[in-house]
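Student: Contents of run-v7.txt (compact mmCIF, C-alpha atoms):
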# COMPACT_ATOMS: atom_id res chain seq x y z
CA MET A 15 168.94 163.86 30.34
CA LYS A 16 170.82 166.97 29.20
CA ILE A 17 170.01 170.23 30.90
CA ALA A 18 169.95 173.63 29.20
CA ALA A 19 172.63 176.17 30.09
CA GLU A 20 170.10 178.50 31.72
CA LEU A 21 168.91 175.72 34.00
CA LYS A 22 172.49 174.78 34.88
CA ALA A 23 173.11 178.36 35.90
CA PHE A 24 169.89 178.35 37.89
CA CYS A 25 170.97 175.20 39.75
CA ALA A 26 174.18 176.94 40.78
CA LEU A 27 172.17 179.93 41.99
CA ILE A 28 169.85 177.87 44.18
CA GLU A 29 172.72 175.65 45.34
CA HIS A 30 171.22 172.36 44.26
CA ASP A 31 172.57 170.17 41.47
CA PHE A 32 169.74 167.88 40.36
CA ALA A 33 170.58 164.21 40.04
CA ASP A 34 167.41 163.95 37.97
CA PRO A 35 167.13 167.10 35.81
CA ALA A 36 163.68 165.99 34.63
CA LEU A 37 162.33 166.96 38.06
CA LEU A 38 163.59 170.51 37.65
CA LEU A 39 162.24 170.76 34.11
CA ARG A 40 158.79 169.67 35.29
CA ALA A 41 158.87 172.10 38.21
CA VAL A 42 159.47 175.07 35.90
CA THR A 43 156.89 174.02 33.30
CA HIS A 44 153.61 175.90 33.51
CA SER A 45 150.36 174.25 32.44
CA SER A 46 150.30 176.51 29.36
CA MET A 47 153.35 174.56 28.12
CA SER A 48 152.25 171.05 29.05
CA SER A 49 151.60 168.38 26.45
CA VAL A 50 151.29 164.62 26.08
CA THR A 51 155.07 164.37 26.33
CA ARG A 52 155.68 167.17 28.82
CA ASP A 53 154.19 167.27 32.32
CA ASP A 54 153.49 170.56 34.06
CA ASN A 55 154.17 171.54 37.67
CA GLN A 56 150.65 171.44 39.11
CA ARG A 57 151.03 168.17 41.02
CA ASP A 58 154.45 169.23 42.29
CA GLU A 59 152.93 172.50 43.47
CA PHE A 60 150.49 170.48 45.61
CA LEU A 61 153.32 168.48 47.17
CA GLY A 62 155.62 171.46 47.64
CA ASP A 63 152.94 173.39 49.51
CA ARG A 64 152.75 170.58 52.08
CA ILE A 65 156.53 170.29 52.42
CA LEU A 66 156.86 174.04 52.88
CA GLY A 67 154.17 174.00 55.56
CA LEU A 68 155.86 171.22 57.53
CA VAL A 69 159.31 172.81 57.36
CA ILE A 70 158.05 176.25 58.37
CA ALA A 71 155.90 174.88 61.20
CA GLU A 72 158.87 172.98 62.60
CA ALA A 73 161.17 176.01 62.22
CA LEU A 74 158.74 178.29 64.06
CA LEU A 75 158.40 175.83 66.93
CA GLN A 76 162.18 175.67 67.27
CA ALA A 77 162.61 179.44 66.97
CA ASP A 78 160.21 180.20 69.82
CA LYS A 79 159.71 177.33 72.22
CA ASN A 80 157.29 179.28 74.41
CA ALA A 81 154.94 180.60 71.72
CA SER A 82 151.32 179.47 71.85
CA GLU A 83 149.37 178.20 68.87
CA GLY A 84 147.58 181.54 68.69
CA VAL A 85 150.91 183.31 68.32
CA LEU A 86 152.40 180.80 65.90
CA ALA A 87 149.45 180.64 63.50
CA PRO A 88 149.74 184.18 62.05
CA ARG A 89 153.51 183.78 61.76
CA PHE A 90 153.00 180.55 59.85
CA ASN A 91 150.42 182.11 57.55
CA ALA A 92 152.74 185.02 56.78
CA LEU A 93 155.58 182.69 55.79
CA VAL A 94 153.67 180.23 53.59
CA ARG A 95 151.25 182.59 51.83
CA LYS A 96 151.47 183.05 48.07
CA GLU A 97 152.96 186.54 48.34
CA THR A 98 155.94 185.25 50.34
CA CYS A 99 156.51 182.35 47.96
CA ALA A 100 156.45 184.77 45.04
CA ASP A 101 158.95 187.05 46.79
CA VAL A 102 161.37 184.15 47.25
CA ALA A 103 160.84 183.16 43.62
CA ARG A 104 161.82 186.66 42.50
CA GLU A 105 164.92 186.63 44.70
CA ILE A 106 166.24 183.48 43.03
CA GLY A 107 165.23 184.51 39.52
CA LEU A 108 162.77 181.65 39.08
CA GLY A 109 160.67 183.63 36.61
CA THR A 110 163.52 183.78 34.09
CA VAL A 111 163.64 179.97 33.67
CA LEU A 112 159.92 179.21 33.58
CA LYS A 113 158.61 177.34 30.56
CA LEU A 114 155.49 179.18 29.45
CA GLY A 115 153.06 179.00 26.56
CA ARG A 116 152.93 181.92 24.14
CA SER A 117 149.82 183.46 25.71
CA GLU A 118 151.35 183.47 29.18
CA MET A 119 154.58 184.94 27.90
CA ILE A 120 152.73 187.76 26.12
CA SER A 121 150.68 188.55 29.22
CA GLY A 122 153.78 188.81 31.42
CA GLY A 123 153.56 185.40 33.07
CA ARG A 124 157.13 185.53 34.33
CA ARG A 125 156.12 188.36 36.66
CA LYS A 126 152.70 187.12 37.80
CA GLU A 127 152.57 186.60 41.54
CA ALA A 128 150.33 183.52 41.54
CA LEU A 129 152.35 181.83 38.82
CA LEU A 130 155.66 182.53 40.59
CA ALA A 131 154.29 181.29 43.91
CA ASP A 132 153.04 178.04 42.37
CA ALA A 133 156.37 177.46 40.63
CA MET A 134 158.24 178.07 43.89
CA GLU A 135 156.20 175.40 45.63
CA ALA A 136 156.83 173.04 42.71
CA LEU A 137 160.56 173.70 42.96
CA ILE A 138 160.52 172.76 46.64
CA ALA A 139 158.84 169.47 45.71
CA ALA A 140 161.41 168.86 42.97
CA VAL A 141 164.32 169.27 45.39
CA TYR A 142 162.61 166.97 47.88
CA GLN A 143 161.95 164.29 45.27
CA ASP A 144 165.50 164.57 43.97
CA ALA A 145 167.39 164.39 47.26
CA GLY A 146 165.05 163.64 50.16
CA PHE A 147 163.43 165.53 53.00
CA GLU A 148 166.57 166.75 54.79
CA VAL A 149 167.87 168.42 51.64
CA GLY A 150 164.40 169.79 50.95
CA ARG A 151 164.23 171.23 54.45
CA ALA A 152 167.66 172.83 54.08
CA PHE A 153 166.58 174.33 50.76
CA VAL A 154 163.52 175.97 52.33
CA LEU A 155 165.40 177.26 55.36
CA ARG A 156 168.18 178.64 53.18
CA HIS A 157 165.87 180.60 50.92
CA TRP A 158 163.33 181.69 53.54
CA GLY A 159 166.30 182.80 55.65
CA LYS A 160 165.75 185.70 58.03
CA ARG A 161 162.05 185.79 57.28
CA ILE A 162 161.61 183.07 59.88
CA THR A 163 163.19 185.10 62.68
CA THR A 164 161.74 188.46 61.67
CA VAL A 165 158.23 187.30 60.84
CA GLU A 166 156.50 188.81 63.88
CA ALA A 167 156.13 192.28 62.36
CA ASP A 168 154.71 190.83 59.17
CA ALA A 169 152.42 188.41 61.00
CA ARG A 170 150.70 191.13 62.98
CA ASP A 171 149.74 193.06 59.91
CA ALA A 172 147.72 196.24 59.66
CA LYS A 173 144.55 194.45 58.58
CA THR A 174 144.62 192.29 61.71
CA SER A 175 145.29 195.30 63.93
CA LEU A 176 142.47 197.28 62.35
CA GLN A 177 140.03 194.40 62.79
CA GLU A 178 141.00 194.12 66.47
CA TRP A 179 140.49 197.88 66.82
CA ALA A 180 136.97 197.58 65.38
CA GLN A 181 136.09 194.54 67.50
CA ALA A 182 137.23 196.30 70.67
CA ARG A 183 134.71 199.04 69.90
CA LYS A 184 131.93 196.58 69.03
CA GLN A 185 131.98 197.53 65.34
CA HIS A 186 131.60 195.21 62.37
CA PRO A 187 134.85 193.98 60.77
CA PRO A 188 136.44 196.44 58.31
CA LYS A 189 135.17 196.22 54.75
CA TYR A 190 137.58 196.37 51.79
CA VAL A 191 136.14 197.64 48.52
CA GLU A 192 137.88 197.67 45.15
CA ILE A 193 137.38 201.21 43.87
CA ALA A 194 139.40 201.01 40.67
CA ARG A 195 141.72 198.80 38.66
CA SER A 196 144.04 200.09 35.96
CA GLY A 197 147.11 199.07 33.99
CA PRO A 198 147.74 196.01 31.79
CA ASP A 199 146.68 192.51 32.85
CA HIS A 200 150.25 191.49 33.65
CA ALA A 201 150.84 194.52 35.89
CA PRO A 202 147.52 195.73 37.33
CA ILE A 203 147.17 198.61 39.77
CA PHE A 204 144.45 198.37 42.41
CA THR A 205 142.79 201.13 44.41
CA ILE A 206 141.17 199.76 47.57
CA GLU A 207 139.10 201.59 50.16
CA VAL A 208 138.81 200.26 53.70
CA GLN A 209 135.60 201.24 55.43
CA LEU A 210 134.56 201.08 59.08
CA GLN A 211 131.06 201.00 60.53
CA SER A 212 131.85 204.35 62.17
CA GLY A 213 132.17 205.96 58.74
CA ASP A 214 135.96 206.25 58.85
CA ALA A 215 137.57 205.22 55.58
CA TYR A 216 140.82 205.45 53.62
CA ARG A 217 141.96 204.59 50.10
CA ALA A 218 145.31 203.24 48.92
CA THR A 219 146.78 202.11 45.62
CA ALA A 220 149.27 199.29 44.99
CA GLY A 221 150.27 196.57 42.56
CA SER A 222 148.22 193.86 44.28
CA LYS A 223 144.94 193.81 46.18
CA ARG A 224 146.64 192.61 49.34
CA GLN A 225 149.25 195.35 49.25
CA ALA A 226 146.58 197.99 48.66
CA GLU A 227 144.46 196.61 51.50
CA GLN A 228 147.44 196.63 53.85
CA ALA A 229 148.38 200.17 52.86
CA ALA A 230 144.82 201.40 53.37
CA ALA A 231 144.56 199.68 56.76
CA THR A 232 147.92 201.11 57.86
CA ALA A 233 146.92 204.65 56.90
CA LEU A 234 143.51 204.38 58.55
CA LEU A 235 145.07 203.10 61.78
CA MET A 236 147.38 206.12 61.82
CA GLN A 237 144.39 208.38 61.17
CA LEU A 238 142.45 206.80 64.03
CA GLU A 239 145.40 207.05 66.40
CA GLY A 240 145.61 210.76 65.56
CA LYS A 241 141.99 211.20 66.68
CA SER A 242 142.46 209.46 70.01
Turn this file's structure into structure tokens for me.
Tutor:
Amino acid sequence: MKIAAELKAFCALIEHDFADPALLLRAVTHSSMSSVTRDDNQRDEFLGDRILGLVIAEALLQADKNASEGVLAPRFNALVRKETCADVAREIGLGTVLKLGRSEMISGGRRKEALLADAMEALIAAVYQDAGFEVGRAFVLRHWGKRITTVEADARDAKTSLQEWAQARKQHPPKYVEIARSGPDHAPIFTIEVQLQSGDAYRATAGSKRQAEQAAATALLMQLEGKS
């Protein structure tokens, strides 16, 4: 099977030359482009998610041999969540080679976080199916890189800290309310307000709900610390 020039260049970028290019083509094909003769990447996404989880779990255990499950779990979640997968996808330019239907292209599918994350998981599965688990593991470790050793700050995020603050004072968990949404569908802007039972609240705006929630929680924590 011949491979397009853009996919050849992409293979060089990710440092994997596919013995079976059909695996790569399927991994970058969104369901909006699937047909009777062309499979999409949904099944590969399912497999890649499991491979990613195993590789990251093993890497975390090796990186900190004394960490308890309670410490490892938030680190793991931070590394395998959709936002992280999408970040890696952006770093390797995965969005530029995706095969999308016209509607997805018009709506900015190459930049959509969920779509990029799913394609990244599918790509992991494609590498695994093409060359085996050891190569698949090396691929994940190479592209997740320093995230694995610097994950602690990201794992203990502001939302977790704020919830612990509320629990310590016997308050209900913080509530996150979407106040406004603006911008086009492919690049929405969210305004989120975090509210505490005590009446303390703060609003923040960002390009995703999670980022806005984190920003609001961070700001409210700083506000609360200033009161204490």
Student: What's around Leu176 (chain A) at 9 Å? Count all atoms listed in the file, leave out sequence neighbours fewer than 4 positions away in its own chain, and write the answer as number ranges by chain.
Tutor: A: 171-172, 180-181, 187-188, 231-232, 234-235
Student: Give me the box for region 41-51 of chain A as AutoDock Vina command-line options, namely the centre and edge lengths in Å to one decimal of a box along x, y and z that holds every listed atom plus 4 Å on each side.
Tutor:
--center_x 154.9 --center_y 170.4 --center_z 32.1 --size_x 17.2 --size_y 20.1 --size_z 20.1
Student: If we count all atoms listed in the file, what is near Asp34 (chain A) at a cut-off of 10 Å, once residues fewer than 4 positions away on the same chain are taken out, given as an mmCIF file with C-alpha atoms, in the coordinates of the input?
Tutor:
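Result saved to out_31.cif:
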data_model
loop_
_atom_site.group_PDB
_atom_site.id
_atom_site.type_symbol
_atom_site.label_atom_id
_atom_site.label_comp_id
_atom_site.auth_asym_id
_atom_site.auth_seq_id
_atom_site.Cartn_x
_atom_site.Cartn_y
_atom_site.Cartn_z
ATOM 1 C CA MET A 15 168.940 163.860 30.340
ATOM 2 C CA LYS A 16 170.820 166.970 29.200
ATOM 3 C CA ILE A 17 170.010 170.230 30.900
ATOM 4 C CA LEU A 38 163.590 170.510 37.650
ATOM 5 C CA LEU A 39 162.240 170.760 34.110
ATOM 6 C CA ALA A 140 161.410 168.860 42.970
ATOM 7 C CA VAL A 141 164.320 169.270 45.390
ATOM 8 C CA GLN A 143 161.950 164.290 45.270
ATOM 9 C CA ASP A 144 165.500 164.570 43.970
ATOM 10 C CA ALA A 145 167.390 164.390 47.260
#
Student: So which one's closest to Asp214 (chain A), A:Leu27, A:Ala226, A:Ala87, A:Met236? Using only C-alpha atoms, please.
Tutor: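 Counting only C-alpha atoms, the residue closest to Asp214 (chain A) is A:Met236.
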Student: State, in Å with one decimal place, the distance from CA of Thr219 (chain A) to CA of Glu192 (chain A).
Tutor: 10.0 Å
Student: Excluding same-chain residues fewer than 4 positions from region 88-103 of chain A, what lies within 6 Å of it counting only C-alpha atoms, as a ChimeraX atom specification?
Tutor: /A:108,127,130-131,134,165,169
Student: Write out as a list in words which residues come within 9 Å of region 194-210 of chain A when counting only C-alpha atoms, dropping same-chain ones fewer than 5 positions away.
Tutor: Ile120, Ser121, Gly122, Gly123, Arg125, Lys126, Ala180, Gln185, His186, Pro187, Pro188, Lys189, Ala215, Tyr216, Arg217, Ala218, Thr219, Ala220, Gly221, Ser222, Lys223, Gln225, Ala226, Glu227, Ala229, Ala230, Ala231 and Leu234 of chain A
Student: Please, what distance in Å, to one decimal, runs between CA of Gly67 (chain A) and CA of Asn55 (chain A)?
Tutor: 18.1 Å
Student: In Å, rounded to a single decimal, give me how far CA of Ile138 (chain A) is from CA of His157 (chain A).
Tutor: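 These atoms are spaced 10.4 Å apart.
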Student: Do you know which residues are at most 9 Å from Ala41 (chain A) counting all atoms listed in the file, after dropping those on the same chain fewer than 2 positions away, and could you put them as a VMD selection string?
Tutor: chain A and resid 36 to 39 43 to 44 53 to 56 58 to 59 112 133 to 140
Student: So, counting only C-alpha atoms, which residue among A:Met47, A:Ala233, A:Ala18, A:Ala73 is closest to Pro35 (chain A)?
Tutor: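 Closest residue, counting only C-alpha atoms: A:Ala18.
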Student: Using all atoms listed in the file, which residue out of A:Tyr142, A:Gln211, A:Ile106, A:Gln237 lies closest to Ile28 (chain A)?
Tutor: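 Comparing A:Tyr142, A:Gln211, A:Ile106, A:Gln237 against Ile28 (chain A), the winner is A:Ile106.
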